[in-house]
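K.L.:
Structure in structure tokens, see below.
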Amino acid sequence: MKQPLRFGLIGHKFMGKAHSQALQRVSFFFDTRYEPERAVLCGIEEDLPEAAARYGWRAWTHSWREVVADPQIDVIAIATPGNTHCE
């Protein structure tokens, strides 16, 4: 049985969609001992709840700080434009 690996994804537009698809399909391409779980999607646009549901995320938030502080998250992926990565 594979161990769950809970992801938080910051950014939900084009690259967020691409990362969501990759997490959904990674087990098809790679044999790992982990099963990626799309735990929380983070973004700033109004369509975030719909995007989270469409991309298969369990939860969503507008606060990247909540994602970073969540002890249940194992991995955080940043899929926002490069000029927003600093903070």
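The chains in the structure tokens are called A, B, ... from first to last as shown; in each chain the residues are counted from 1, and the ligands are counted from 1 in the order shown.
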I'd like the neighbourhood of Ile76 in chain A as an NGL selection string, where a residue qualifies if any of its atoms comes within 9 Å (using only C-alpha atoms), though same-chain residues fewer than 6 positions away should be ignored.

P.N.:
:A and (6-10 or 67-68)

K.L.:
If you keep N, CA, C and O atoms, can you produce a file of those selected residues as a compact mmCIF listing (two decimals), in the first residue's frame?

P.N.:
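The new file again-v2.txt reads:
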```
# COMPACT_ATOMS: atom_id res chain seq x y z
N ARG A 6 0.73 14.43 1.06
CA ARG A 6 -0.24 15.52 0.95
C ARG A 6 0.41 16.79 0.40
O ARG A 6 1.36 17.30 0.97
N PHE A 7 -0.15 17.28 -0.71
CA PHE A 7 0.37 18.45 -1.40
C PHE A 7 -0.48 19.68 -1.14
O PHE A 7 -1.70 19.60 -1.08
N GLY A 8 0.21 20.79 -1.01
CA GLY A 8 -0.40 22.11 -1.06
C GLY A 8 0.14 22.78 -2.31
O GLY A 8 1.35 22.74 -2.56
N LEU A 9 -0.73 23.34 -3.12
CA LEU A 9 -0.32 23.98 -4.36
C LEU A 9 -0.70 25.45 -4.31
O LEU A 9 -1.87 25.79 -4.11
N ILE A 10 0.28 26.31 -4.47
CA ILE A 10 0.05 27.75 -4.46
C ILE A 10 0.07 28.22 -5.91
O ILE A 10 1.11 28.16 -6.58
N VAL A 67 -1.41 27.59 4.00
CA VAL A 67 -0.84 26.38 3.40
C VAL A 67 0.50 26.07 4.04
O VAL A 67 0.76 24.94 4.45
N VAL A 68 1.34 27.08 4.17
CA VAL A 68 2.68 26.90 4.73
C VAL A 68 2.61 26.46 6.20
O VAL A 68 3.41 25.65 6.65
```

K.L.:
Residues of chain A classed as strand (DSSP E) by DSSP on the backbone are to be reported as a list of chain:residue names.

P.N.:
A:Gln3, A:Pro4, A:Leu5, A:Arg6, A:Phe7, A:Gly8, A:Leu9, A:Ile10, A:Tyr34, A:Glu35, A:Pro36, A:Glu37, A:Arg38, A:Ala39, A:Val40, A:Leu41, A:Cys42, A:Ala59, A:Trp60, A:Thr61, A:Val75, A:Ile76, A:Ala77, A:Ile78

K.L.:
Would you mind writing down, as a PyMOL selection string, each residue of range 4-87 of chain A that DSSP on the backbone assigns to helix (DSSP H, G or I)?

P.N.:
chain A and resi 14-29+48-55+64-69+82-84

K.L.:
Kindly export the residues of the current selection with C-alpha atoms, as a PDB file, in the first residue's frame.

P.N.:
```
ATOM      1  CA  PHE A  14      -2.353  27.678 -16.028  1.00  0.00           C
ATOM      2  CA  MET A  15       0.587  26.198 -14.090  1.00  0.00           C
ATOM      3  CA  GLY A  16      -1.693  25.225 -11.206  1.00  0.00           C
ATOM      4  CA  LYS A  17      -3.821  23.299 -13.660  1.00  0.00           C
ATOM      5  CA  ALA A  18      -0.708  21.643 -15.121  1.00  0.00           C
ATOM      6  CA  HIS A  19       0.598  20.681 -11.664  1.00  0.00           C
ATOM      7  CA  SER A  20      -2.827  19.333 -10.681  1.00  0.00           C
ATOM      8  CA  GLN A  21      -2.860  17.118 -13.761  1.00  0.00           C
ATOM      9  CA  ALA A  22       0.693  15.942 -13.062  1.00  0.00           C
ATOM     10  CA  LEU A  23      -0.183  14.985  -9.480  1.00  0.00           C
ATOM     11  CA  GLN A  24      -3.218  13.086 -10.698  1.00  0.00           C
ATOM     12  CA  ARG A  25      -1.184  11.109 -13.260  1.00  0.00           C
ATOM     13  CA  VAL A  26       2.222  10.670 -11.582  1.00  0.00           C
ATOM     14  CA  SER A  27       1.511   7.087 -10.488  1.00  0.00           C
ATOM     15  CA  PHE A  28       0.835   6.129 -14.101  1.00  0.00           C
ATOM     16  CA  PHE A  29       4.325   7.228 -15.122  1.00  0.00           C
ATOM     17  CA  LEU A  48     -10.621  29.377  -6.898  1.00  0.00           C
ATOM     18  CA  PRO A  49     -13.422  27.235  -5.381  1.00  0.00           C
ATOM     19  CA  GLU A  50     -14.542  26.087  -8.822  1.00  0.00           C
ATOM     20  CA  ALA A  51     -10.939  25.411  -9.896  1.00  0.00           C
ATOM     21  CA  ALA A  52     -10.280  23.370  -6.747  1.00  0.00           C
ATOM     22  CA  ALA A  53     -13.331  21.217  -7.419  1.00  0.00           C
ATOM     23  CA  ARG A  54     -12.528  20.853 -11.130  1.00  0.00           C
ATOM     24  CA  TYR A  55      -8.881  19.894 -10.493  1.00  0.00           C
ATOM     25  CA  TRP A  64      -0.575  30.967   1.154  1.00  0.00           C
ATOM     26  CA  ARG A  65       0.365  31.426   4.810  1.00  0.00           C
ATOM     27  CA  GLU A  66      -2.324  28.922   5.802  1.00  0.00           C
ATOM     28  CA  VAL A  67      -0.843  26.384   3.399  1.00  0.00           C
ATOM     29  CA  VAL A  68       2.680  26.896   4.735  1.00  0.00           C
ATOM     30  CA  ALA A  69       1.517  26.662   8.364  1.00  0.00           C
ATOM     31  CA  GLY A  82       8.180  34.037 -10.948  1.00  0.00           C
ATOM     32  CA  ASN A  83       7.901  37.607  -9.682  1.00  0.00           C
ATOM     33  CA  THR A  84       5.583  36.419  -6.871  1.00  0.00           C
TER      34      THR A  84
END
```

K.L.:
Please provide the set of residues having any atom within 10 Å of Lys13 in chain A, restricted to only C-alpha atoms, with same-chain residues fewer than 6 positions apart removed, written as a list in words.

P.N.:
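In the requested form, the answer reads His19, Gly43, Ile44, Glu45, Asp47, Leu48, Ala51, Ala79, Thr80 and Pro81 of chain A.
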
K.L.:
With distances taken over only C-alpha atoms, which of A:Val75, A:Glu46, A:Lys2, A:Gly56 is nearest to Arg33 in chain A?

P.N.:
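Residue with the minimum atom-to-atom distance to Arg33 in chain A: A:Lys2.
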
K.L.:
Which of these residues is nearest to His62 in chain A, using only C-alpha atoms: A:Leu5, A:Glu35, A:Asp74, A:Gly11?

P.N.:
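Distance minimum relative to His62 in chain A lands on A:Gly11.
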
K.L.:
Nearest to Gln72 in chain A: which of A:Cys42, A:Trp57, A:Pro4, A:Tyr34 is it, counting only C-alpha atoms?

P.N.:
A:Pro4
